[in-house]
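Undergrad: mmCIF, C-alpha atoms and all ligand atoms, file query-v6.cif:
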```cif
data_run
#
loop_
_atom_site.label_atom_id
_atom_site.label_comp_id
_atom_site.auth_asym_id
_atom_site.auth_seq_id
_atom_site.Cartn_x
_atom_site.Cartn_y
_atom_site.Cartn_z
CA MET A 1 109.92 50.44 129.25
CA MET A 2 109.73 49.95 125.48
CA LEU A 3 107.43 52.94 125.33
CA TRP A 4 109.87 55.07 127.32
CA ILE A 5 112.77 54.08 125.13
CA ARG A 6 110.83 54.93 122.00
CA ASN A 7 109.87 58.28 123.45
CA ILE A 8 113.45 59.09 124.44
CA LYS A 9 114.69 58.07 121.01
CA MET A 10 112.21 60.40 119.36
CA ARG A 11 113.37 63.34 121.44
CA LEU A 12 117.01 62.37 121.06
CA ALA A 13 116.52 62.52 117.30
CA ARG A 14 115.26 66.09 117.71
CA ILE A 15 118.35 67.03 119.75
CA GLU A 16 120.55 65.39 117.13
CA ARG A 17 118.84 67.41 114.41
CA LEU A 18 119.43 70.61 116.37
CA ALA A 19 123.08 69.74 116.99
CA LYS A 20 123.60 68.98 113.30
CA GLU A 21 121.91 72.17 112.17
CA ALA A 22 123.97 74.15 114.66
CA LYS A 23 127.14 72.68 113.20
CA LYS A 24 125.91 73.51 109.72
CA LYS A 25 125.30 77.12 110.70
CA VAL A 26 128.80 77.46 112.14
CA LEU A 27 130.25 75.85 109.02
CA ASP A 28 128.30 78.31 106.86
CA VAL A 29 129.82 81.25 108.69
CA LEU A 30 133.28 79.67 108.48
CA LYS A 31 132.92 79.18 104.73
CA LYS A 32 131.53 82.68 104.20
CA GLY A 33 134.50 84.13 106.07
CA GLY A 34 136.79 82.46 103.55
CA ILE A 35 138.31 79.76 105.74
CA LYS A 36 141.67 78.30 104.82
CA GLY A 37 141.64 74.53 104.84
CA ASP A 38 138.84 72.09 105.67
CA PRO A 39 136.14 73.81 107.77
CA GLU A 40 134.72 70.55 109.08
CA LYS A 41 138.06 69.40 110.35
CA PHE A 42 138.61 72.76 112.01
CA LEU A 43 135.24 72.69 113.77
CA ASN A 44 135.69 69.13 114.99
CA THR A 45 138.93 70.08 116.75
CA TYR A 46 137.09 72.64 118.85
CA LEU A 47 133.82 70.74 119.28
CA GLN A 48 135.28 68.37 121.82
CA PHE A 49 138.00 70.62 123.14
CA PHE A 50 138.43 70.26 126.91
CA VAL A 51 139.97 72.00 129.88
CA ILE A 52 141.09 69.90 132.82
CA ASP A 53 139.96 71.35 136.13
CA PRO A 54 142.85 72.43 138.37
CA VAL A 55 143.46 70.57 141.64
CA ARG A 56 141.11 71.92 144.31
CA ASP A 57 142.27 69.92 147.33
CA GLU A 58 145.37 72.07 147.51
CA PRO A 59 143.93 75.59 147.23
CA THR A 60 147.21 77.48 146.97
CA ASN A 61 146.85 79.93 144.09
CA LEU A 62 143.78 78.09 142.86
CA MET A 63 142.27 81.19 141.27
CA ARG A 64 145.47 82.09 139.49
CA ARG A 65 145.90 78.55 138.22
CA LEU A 66 142.31 78.47 136.99
CA GLU A 67 142.69 81.84 135.31
CA HIS A 68 145.86 80.68 133.64
CA LEU A 69 144.12 77.61 132.20
CA LEU A 70 141.10 79.62 131.00
CA ASP A 71 143.46 82.17 129.44
CA ILE A 72 145.35 79.50 127.53
CA ARG A 73 142.10 78.02 126.29
CA GLN A 74 140.80 81.32 125.03
CA LYS A 75 144.07 82.38 123.48
CA ARG A 76 144.34 79.09 121.69
CA MET A 77 140.85 79.38 120.25
CA LYS A 78 141.40 83.01 119.24
CA LEU A 79 144.70 82.17 117.60
CA GLY A 80 143.19 79.18 115.82
CA LEU A 81 140.40 81.33 114.42
CA LYS A 82 142.80 84.10 113.46
CA GLN A 83 145.01 81.69 111.57
CA VAL A 84 142.28 80.23 109.41
CA LEU A 85 140.19 83.41 109.08
CA PRO A 86 142.66 86.30 108.94
CA ASP A 87 140.38 88.56 106.87
CA LEU A 88 137.37 88.39 109.17
CA GLY A 89 136.79 91.35 111.51
CA GLU A 90 137.57 91.05 115.19
CA PHE A 91 133.94 91.37 116.23
CA THR A 92 132.70 88.72 113.82
CA ARG A 93 135.44 86.42 115.07
CA ASN A 94 134.32 86.99 118.65
CA ASN A 95 130.75 86.13 117.69
CA LEU A 96 131.96 83.04 115.89
CA GLU A 97 133.79 81.95 119.01
CA ILE A 98 130.54 81.98 120.94
CA MET A 99 128.68 80.24 118.13
CA ILE A 100 131.20 77.42 118.33
CA GLU A 101 130.65 77.37 122.10
CA ALA A 102 126.89 76.97 121.61
CA ALA A 103 127.36 74.23 119.00
CA ARG A 104 129.70 72.52 121.45
CA ALA A 105 127.09 72.64 124.23
CA LEU A 106 124.47 71.13 121.90
CA ASP A 107 126.83 68.39 120.80
CA LEU A 108 127.64 67.62 124.43
CA ILE A 109 123.96 67.39 125.40
CA TYR A 110 123.35 65.00 122.51
CA ARG A 111 126.27 62.78 123.43
CA ILE A 112 125.37 62.63 127.13
CA VAL A 113 121.71 61.75 126.53
CA ARG A 114 122.74 59.10 124.02
CA HIS A 115 125.20 57.71 126.56
CA TYR A 116 122.58 57.26 129.28
CA LEU A 117 120.03 55.81 126.87
CA MET A 118 122.48 53.23 125.55
CA LEU A 119 123.76 52.45 129.03
CA GLY A 120 120.21 51.93 130.28
CA GLN A 121 119.37 49.67 127.38
CA LYS A 122 122.56 47.68 127.66
CA THR A 123 122.21 47.02 131.39
CA ASN A 124 118.41 46.82 131.29
CA ASN A 125 118.34 49.48 133.98
CA TRP A 126 114.77 50.73 133.95
CA ILE A 127 115.38 53.32 136.65
CA LEU A 128 117.95 55.00 134.44
CA ILE A 129 115.58 54.95 131.48
CA MET A 130 112.70 56.27 133.59
CA GLN A 131 114.81 59.14 134.93
CA LEU A 132 115.85 60.04 131.44
CA GLU A 133 112.28 59.88 130.17
CA LEU A 134 111.11 62.18 132.95
CA GLU A 135 113.86 64.71 132.39
CA MET A 136 113.70 64.66 128.61
CA PRO A 137 111.33 67.64 128.18
CA GLN A 138 113.69 69.90 130.16
CA ILE A 139 116.71 68.64 128.26
CA VAL A 140 115.04 69.28 124.91
CA LYS A 141 114.14 72.79 126.05
CA LEU A 142 117.76 73.47 127.02
CA ALA A 143 118.94 72.24 123.63
CA GLU A 144 116.43 74.50 121.88
CA THR A 145 117.65 77.45 123.97
CA TYR A 146 121.24 76.91 122.87
CA TYR A 147 120.07 76.65 119.30
CA LYS A 148 118.27 79.99 119.55
CA ALA A 149 121.35 81.55 121.13
CA LEU A 150 123.33 80.54 118.07
CA ASP A 151 121.01 82.61 115.88
CA ALA A 152 121.37 85.67 118.10
CA PHE A 153 125.15 85.56 117.88
CA LYS A 154 125.07 84.86 114.15
CA SER A 155 123.18 88.09 113.45
CA GLY A 156 124.93 90.03 116.23
CA LYS A 157 121.79 90.88 118.20
CA PRO A 158 122.19 91.92 121.85
CA VAL A 159 121.25 89.14 124.29
CA GLY A 160 119.59 89.37 127.71
CA ASP A 161 122.91 88.83 129.46
CA GLY A 162 124.11 92.09 127.88
CA ILE A 163 121.90 94.28 130.07
CA GLY A 164 124.85 95.11 132.36
CA ALA A 165 126.89 96.17 129.35
CA LEU A 166 123.95 98.16 127.98
CA ALA A 167 123.49 100.06 131.24
CA ALA A 168 127.23 100.80 131.31
CA ALA A 169 127.22 101.99 127.69
CA THR A 170 124.25 104.28 128.34
CA LEU A 171 125.98 105.67 131.43
CA MET A 172 129.25 106.23 129.56
CA ASN A 173 127.49 108.34 126.95
CA SER A 174 125.17 110.22 129.29
CA GLY A 175 127.57 112.85 130.55
CA GLY A 176 128.78 114.57 127.39
CA SER A 177 131.93 113.28 125.74
CA ALA A 178 133.58 110.61 127.82
CA ILE A 179 137.19 109.58 127.40
CA LYS A 180 137.24 105.91 126.44
CA LYS A 181 140.16 103.54 126.19
CA GLU A 182 140.84 99.82 126.11
CA ILE A 183 142.22 99.33 129.58
CA VAL A 184 142.79 95.57 129.40
CA GLU A 185 142.21 93.12 126.56
CA ASP A 186 138.62 93.29 125.24
CA THR A 187 137.59 95.65 128.05
CA ILE A 188 136.76 99.36 127.74
CA MET A 189 136.85 102.03 130.43
CA GLY A 190 135.11 105.37 130.02
CA VAL A 191 135.54 108.34 132.38
CA THR A 192 132.54 110.58 132.77
CA GLU A 193 130.97 112.93 135.26
CA ARG A 194 127.55 112.60 136.86
CA LYS A 195 126.00 114.51 139.75
CA GLY A 196 129.39 116.03 140.53
CA ARG A 197 131.00 112.60 140.98
CA LYS A 198 133.67 111.22 138.71
CA LEU A 199 132.64 107.86 137.28
CA TYR A 200 134.98 105.23 135.88
CA VAL A 201 132.67 103.00 133.85
CA ILE A 202 133.89 99.57 132.74
CA LYS A 203 132.36 97.21 130.17
CA ALA A 204 133.44 94.59 127.64
CA LYS A 205 134.49 95.89 124.23
CA GLY A 206 131.59 95.73 121.78
CA PRO A 207 129.85 95.15 119.52
CA GLY A 208 131.44 91.70 119.21
CA GLY A 209 130.39 88.86 121.53
CA THR A 210 132.75 88.93 124.48
CA VAL A 211 132.60 89.37 128.25
CA GLY A 212 136.05 90.94 128.51
CA LYS A 213 138.02 90.92 131.76
CA PRO A 214 136.08 93.16 134.17
CA GLY A 215 137.97 91.91 137.22
CA GLU A 216 141.36 92.69 135.76
CA ALA A 217 140.07 96.11 134.62
CA VAL A 218 138.73 97.01 138.09
CA LYS A 219 142.01 95.94 139.65
CA LYS A 220 144.00 98.11 137.24
CA VAL A 221 141.77 101.18 137.67
CA VAL A 222 141.76 100.98 141.46
CA GLU A 223 145.53 100.46 141.58
CA GLU A 224 146.09 103.39 139.22
CA LEU A 225 143.95 105.58 141.47
CA LYS A 226 145.92 104.26 144.47
CA GLY A 227 142.74 103.01 146.09
CA LYS A 228 141.09 106.43 146.21
CA VAL A 229 137.72 105.04 145.16
CA SER A 230 134.75 105.58 147.43
CA ARG A 231 132.53 102.88 145.96
CA ILE A 232 132.39 100.10 143.41
CA ILE A 233 128.99 99.40 141.86
CA MET A 234 128.46 96.28 139.74
CA ILE A 235 125.59 95.64 137.35
CA ASP A 236 124.79 92.15 136.07
CA ALA A 237 121.98 89.92 134.91
CA ALA A 238 121.04 87.18 137.39
CA LEU A 239 118.97 84.03 137.07
CA LYS A 240 115.42 84.49 138.23
CA LEU A 241 113.32 81.83 139.89
CA GLU A 242 110.43 80.47 137.87
CA GLY A 243 107.44 82.72 138.46
CA GLU A 244 109.47 85.86 139.15
CA LYS A 245 109.12 88.88 136.91
CA THR A 246 111.61 89.31 134.07
CA GLY A 247 113.51 92.59 134.11
CA GLU A 248 113.06 93.27 137.81
CA VAL A 249 115.93 95.34 139.21
CA ILE A 250 117.15 94.63 142.74
CA GLU A 251 120.07 95.72 144.89
CA GLY A 252 122.53 94.00 147.19
CA VAL A 253 126.17 93.86 148.17
CA GLY A 254 129.06 91.75 146.85
CA ALA A 255 130.60 91.15 143.45
CA ALA A 256 127.81 90.53 140.95
CA ILE A 257 129.54 88.48 138.27
CA GLY A 258 128.98 84.91 137.09
CA ASP A 259 132.44 83.92 135.85
CA PRO A 260 134.16 80.66 136.85
CA GLY A 261 135.89 82.51 139.71
CA PRO A 262 139.06 84.43 138.80
CA GLU A 263 137.41 87.75 137.84
CA LYS A 264 135.13 87.72 140.88
CA PHE A 265 138.07 86.91 143.12
CA LYS A 266 140.06 89.88 141.78
CA ILE A 267 137.24 92.32 142.45
CA GLU A 268 136.65 91.00 145.96
CA SER A 269 140.39 91.12 146.73
CA ILE A 270 140.92 94.67 145.50
CA ALA A 271 137.81 95.90 147.30
CA MET A 272 139.07 94.28 150.49
CA LYS A 273 142.64 95.60 150.07
CA TYR A 274 141.50 99.23 150.03
CA SER A 275 138.28 98.55 151.98
CA ILE A 276 136.05 99.94 149.26
CA PRO A 277 132.31 99.21 149.69
CA LEU A 278 131.08 96.86 146.98
CA ASP A 279 127.47 97.32 145.83
CA SER A 280 125.65 95.36 143.19
CA ILE A 281 122.53 95.79 141.13
CA ILE A 282 121.05 92.77 139.39
CA ILE A 283 118.44 92.34 136.69
CA LYS A 284 116.38 89.16 136.87
CA GLU A 285 115.93 86.94 133.84
CA SER A 286 115.75 83.24 132.98
CA LEU A 287 118.58 81.28 131.34
CA GLU A 288 116.69 81.29 128.06
CA GLU A 289 116.20 85.05 128.21
CA ALA A 290 119.86 85.54 129.06
CA ILE A 291 121.28 83.87 125.96
CA THR A 292 118.60 84.71 123.38
CA PRO A 293 117.89 88.19 121.87
CA MET A 294 117.17 90.78 124.55
CA ARG A 295 113.48 91.10 125.43
CA LYS A 296 111.94 94.54 125.65
CA GLU A 297 111.24 94.14 129.38
CA ILE A 298 114.93 93.55 129.96
CA SER A 299 116.13 96.45 127.82
CA ASN A 300 113.74 98.73 129.70
CA ALA A 301 115.58 97.78 132.88
CA ALA A 302 118.61 99.87 131.77
CA GLU A 303 116.83 103.10 132.76
CA LYS A 304 115.77 101.63 136.09
CA VAL A 305 119.39 100.62 136.77
CA ILE A 306 120.58 104.16 136.09
CA GLU A 307 117.92 105.54 138.43
CA LYS A 308 119.23 103.23 141.15
CA ILE A 309 122.80 104.31 140.47
CA ASP A 310 121.82 107.98 140.73
CA LYS A 311 120.17 107.27 144.04
CA ALA A 312 123.20 105.36 145.27
CA LEU A 313 125.50 108.22 144.21
CA GLU A 314 123.39 110.76 146.08
CA GLU A 315 122.89 108.70 149.20
CA ARG A 316 126.17 106.88 149.61
CA THR A 317 128.82 109.14 148.07
CA LYS A 318 129.84 112.80 148.37
CA GLU A 319 130.42 115.33 145.62
CA GLY A 320 133.90 115.00 144.11
CA ASP A 321 134.10 111.30 144.95
CA ILE A 322 135.41 108.73 142.52
CA VAL A 323 133.11 105.77 141.80
CA VAL A 324 133.90 102.70 139.70
CA ILE A 325 130.91 101.20 137.87
CA VAL A 326 131.16 97.82 136.18
CA GLY A 327 128.63 96.56 133.62
CA VAL A 328 129.11 92.80 133.53
CA GLY A 329 127.88 90.54 130.73
CA ASN A 330 128.23 89.65 127.09
CA THR A 331 128.32 92.78 124.98
CA VAL A 332 127.26 91.31 121.63
CA GLY A 333 125.50 93.99 119.60
CA ILE A 334 126.35 96.76 122.05
CA ALA A 335 129.09 99.30 121.31
CA GLN A 336 130.32 101.92 123.74
CA MET B 1 71.15 41.28 119.28
CA GLN B 2 70.14 44.38 121.23
CA ILE B 3 72.96 44.00 123.72
CA SER B 4 75.59 43.73 120.99
CA GLU B 5 74.18 46.83 119.33
CA LEU B 6 74.45 48.68 122.62
CA TYR B 7 78.04 47.55 122.85
CA THR B 8 78.91 48.87 119.40
CA LEU B 9 77.26 52.16 120.26
CA LEU B 10 79.26 52.42 123.47
CA LEU B 11 82.44 51.54 121.65
CA LEU B 12 81.77 54.13 118.99
CA MET B 13 81.13 56.79 121.60
CA LEU B 14 84.32 55.90 123.40
CA LEU B 15 86.27 56.10 120.14
CA LEU B 16 84.76 59.47 119.31
CA PHE B 17 85.66 60.80 122.74
CA LEU B 18 89.22 59.55 122.42
CA ILE B 19 89.68 61.13 119.01
CA THR B 20 88.32 64.51 120.07
CA SER B 21 90.44 64.67 123.19
CA LEU B 22 93.51 63.74 121.17
CA ILE B 23 92.83 66.52 118.68
CA ARG B 24 92.31 68.96 121.52
CA VAL B 25 95.65 68.07 123.08
CA PHE B 26 97.41 68.56 119.75
CA ILE B 27 95.82 71.95 119.17
CA GLU B 28 96.77 73.13 122.64
CA ARG B 29 100.33 71.98 122.14
CA LYS B 30 100.62 73.90 118.89
CA LYS B 31 99.26 77.01 120.57
CA LEU B 32 101.96 76.75 123.23
CA LYS B 33 104.76 76.34 120.74
CA ARG B 34 103.73 79.18 118.45
CA GLU B 35 105.31 81.93 120.52
CA GLN B 36 107.08 84.10 118.00
CA PHE B 37 109.35 87.07 118.49
CA GLN B 38 110.38 89.93 116.27
CA THR B 39 113.55 91.98 116.73
CA LEU B 40 113.15 95.75 116.54
CA THR B 41 115.71 98.55 116.40
CA LEU B 42 114.97 101.83 118.16
CA ILE B 43 116.74 104.91 116.80
CA LYS B 44 116.92 108.01 118.96
CA CYS B 45 118.17 111.57 118.55
CA SER B 46 119.92 112.59 121.75
CA LYS B 47 119.37 116.29 120.99
CA CYS B 48 115.62 116.54 120.59
CA GLY B 49 114.48 113.12 121.71
CA TYR B 50 113.04 112.07 118.35
CA THR B 51 112.62 108.29 118.16
CA GLU B 52 111.94 105.88 115.35
CA GLU B 53 111.35 102.13 115.47
CA ARG B 54 112.14 99.80 112.60
CA GLU B 55 112.87 96.14 111.97
CA PHE B 56 116.33 94.83 112.90
CA GLN B 57 118.81 94.64 110.03
CA THR B 58 122.01 92.62 110.06
CA GLY B 59 124.88 94.88 111.01
CA ASP B 60 122.86 96.91 113.50
CA TYR B 61 124.31 97.41 116.95
CA ILE B 62 123.53 99.67 119.89
CA LEU B 63 125.13 103.16 119.58
CA LYS B 64 125.71 102.71 115.84
CA PRO B 65 125.47 106.12 114.11
CA GLU B 66 122.43 106.37 111.86
CA LYS B 67 121.02 108.93 109.41
CA GLU B 68 120.46 112.51 110.51
CA CYS B 69 117.43 113.48 112.53
CA PRO B 70 114.51 114.71 110.37
CA LYS B 71 113.63 117.32 112.99
CA CYS B 72 116.91 118.97 113.99
CA LYS B 73 119.44 117.49 111.53
CA ALA B 74 121.63 116.14 114.33
CA GLN B 75 123.12 112.66 114.07
CA THR B 76 120.93 109.89 115.46
CA ARG B 77 122.16 106.65 116.97
CA ILE B 78 120.68 103.24 117.57
CA PHE B 79 119.42 103.46 121.12
CA LYS B 80 118.12 99.96 121.71
CA ILE B 81 117.59 96.60 120.05
CA TYR B 82 115.03 94.26 121.54
CA ASP B 83 112.66 91.38 120.93
CA VAL B 84 108.92 91.84 121.18
CA LYS B 85 106.26 89.15 121.07
CA VAL B 86 104.44 89.01 117.77
CA PRO B 87 100.69 88.88 118.39
CA ARG B 88 99.06 85.79 116.91
CA LYS B 89 96.32 86.23 114.39
ZN ZN A 401 116.77 115.60 116.59
#
```
Let's see the structure in the file written out as structure tokens.

TA:
Amino acid sequence: MMLWIRNIKMRLARIERLAKEAKKKVLDVLKKGGIKGDPEKFLNTYLQFFVIDPVRDEPTNLMRRLEHLLDIRQKRMKLGLKQVLPDLGEFTRNNLEIMIEAARALDLIYRIVRHYLMLGQKTNNWILIMQLELEMPQIVKLAETYYKALDAFKSGKPVGDGIGALAAATLMNSGGSAIKKEIVEDTIMGVTERKGRKLYVIKAKGPGGTVGKPGEAVKKVVEELKGKVSRIIMIDAALKLEGEKTGEVIEGVGAAIGDPGPEKFKIESIAMKYSIPLDSIIIKESLEEAITPMRKEISNAAEKVIEKIDKALEERTKEGDIVVIVGVGNTVGIAQ
Amino acid sequence: MQISELYTLLLLMLLLFLITSLIRVFIERKKLKREQFQTLTLIKCSKCGYTEEREFQTGDYILKPEKECPKCKAQTRIFKIYDVKVPRK
């Protein structure tokens, strides 16, 4: 048991180092942006910021309550950042928001591992220590992944999760000059024509790091068109199983989006209300590949996705139809 | 006398084996960890299809307008940004 404890402590020290360096990187960006007031104090407020889960036993309006809470959280963080860093651009601020999120995840991992180690030592619970020792390599890998993600967002490089947004951006600009507008906060819609069909393409507003509100945008577009949409096609990155090929493109039905619930719920509801078929195309990648700079295999998937969309348009829609296409994912480093 | 010498020989051999296997494990571990990536930016001209690859620079983003195309003088844009594995020497 002594050996296990020593081993865990060694790895915990590595996680602590990563967490500290992550904080330092965020602080650097805060200072460079010309922060008003004490940057450390500011960061600490958001490092342990929490959201209390809404009651789930009484499901009335659960999705709306959850959305409300998530909205408040995001607005508060955005406002906080805007107050101390008024001169920083919107996109840099969005990236900073995600950097803080990554630093928060690292800090949380560190505190949880430390908790179990100390608890195991205090109560002499060797099963707890053994479990921790066995899971340590995976935990360290997760911490390293978050650390790498921080770098990607610091330099504004596209990440693997952005493949949906990349496919949407490519599609938006494929058919001549598309009309683009910000339909809901942080979300862009572009209208373009392809194979004689009218496409309404939705993605988050880049090149800052944000996922936007694709659900709200789809709802608005479909309502504005009074439900005259013949198909909704969603594109998103999905977690692959270990051993599966990265960048593989596969098709299915349903709302392909990995949000906590509200956005997915909106898309499902609107599709049901007007009985619009809901297709989805997913690109397989691991968690590490999703939050670190986009690999070439993944970026190559954008063309494959468009091929699949063309096929879907030809096979499942008629000429003159209106189709809504949603590119889900973080759009860091990808404009429109 | 002879038996004790045999013992020292055995012990030495065992020690040697242990040390070599330890070194081997360390080398293999280092090999595993040294997986490095490089971020590249691909610039493309949508008119003639001219492409150019260069290293990523801070401030780059996909669809960012770049210098004019050396072939047809149209405006090029950043087409893709991706990570590629750097081959180990
Ligand atoms: Zn050209």

Undergrad: With 9 Å as the limit and counting only C-alpha atoms, what residues in chain B lie close to chain A? Please list them as number ranges by chain.

TA: B: 39, 56-64, 79-85

Undergrad: Restricting the calculation to only C-alpha atoms: of B:Gln38, B:Leu18, B:Val25, B:Arg77, which residue gets closest to B:Glu52?

TA: B:Arg77

Undergrad: Dump as a ChimeraX atom specification all residues having an atom at most 12 Å from (139.5, 72.1, 119.2), computed in the file's coordinates with only C-alpha atoms.

TA: /A:40-51,73-74,76-81,97,100-101,104

Undergrad: Can you pull out the residues contacting A:Ala167? Cut-off 9 Å, using all atoms listed in the file, and skip same-chain residues under 5 positions away; I want them as a PyMOL selection string.

TA: chain A and resi 162+172+235+299+301-303+305-306+327

Undergrad: Produce as a list in words the set of residues near ligand ZN 401 (chain A), where near means within 8 Å with only C-alpha atoms and all ligand atoms considered.

TA: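 Listing the residues within 8 Å of ligand ZN 401 (chain A) gives Lys44, Cys45, Ser46, Lys47, Cys48, Gly49, Tyr50, Glu68, Cys69, Pro70, Lys71, Cys72, Lys73, Ala74, Gln75 and Thr76 of chain B.
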
Undergrad: Could you tell me how far atom CA of A:Ala152 sits from atom CA of A:Ser280, in Å to one decimal place?

TA: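 Computing the Euclidean distance for atom CA of A:Ser280 and atom CA of A:Ala152 yields 27.2 Å.
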
Undergrad: Between atom CA of A:Leu70 and atom CA of A:Ala255, what is the distance in Å, rounded to a tenth?

TA: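 Calculated distance between atom CA of A:Leu70 and atom CA of A:Ala255 is 20.0 Å.
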
Undergrad: Using all atoms listed in the file, pick whichever of A:Glu242, A:Glu268, A:Asp151, A:Glu251 has the shortest atom-to-atom distance to A:Pro214.

TA: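 Checking each of A:Glu242, A:Glu268, A:Asp151, A:Glu251 against A:Pro214, counting all atoms listed in the file, the winner is A:Glu268.
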
Undergrad: So which residues touch A:Lys36 within 9 Å, counting all atoms listed in the file, skipping near sequence neighbours fewer than 5 positions away, as a PyMOL selection string?

TA: chain A and resi 31+83-85

Undergrad: How big is the axis-aligned box around all listed atoms of stretch 24-31 of chain B once 8 Å goes on each side, and where's its centre, in Å to one decimal, as lines of an AutoDock Vina configuration file?

TA:
```
center_x = 96.5
center_y = 72.5
center_z = 121.0
size_x = 24.3
size_y = 24.9
size_z = 20.2
```

Undergrad: Which value, in Å to one decimal, gives the distance between atom CA of A:Thr187 and atom CA of A:Lys213?

TA: 6.0 Å

Undergrad: Tell me, as a ChimeraX atom specification, which residues lie within 12 Å of A:Leu62, counting only C-alpha atoms; anything in the same chain fewer than 5 positions away does not count.

TA: /A:53-57,67-69,260-262,265
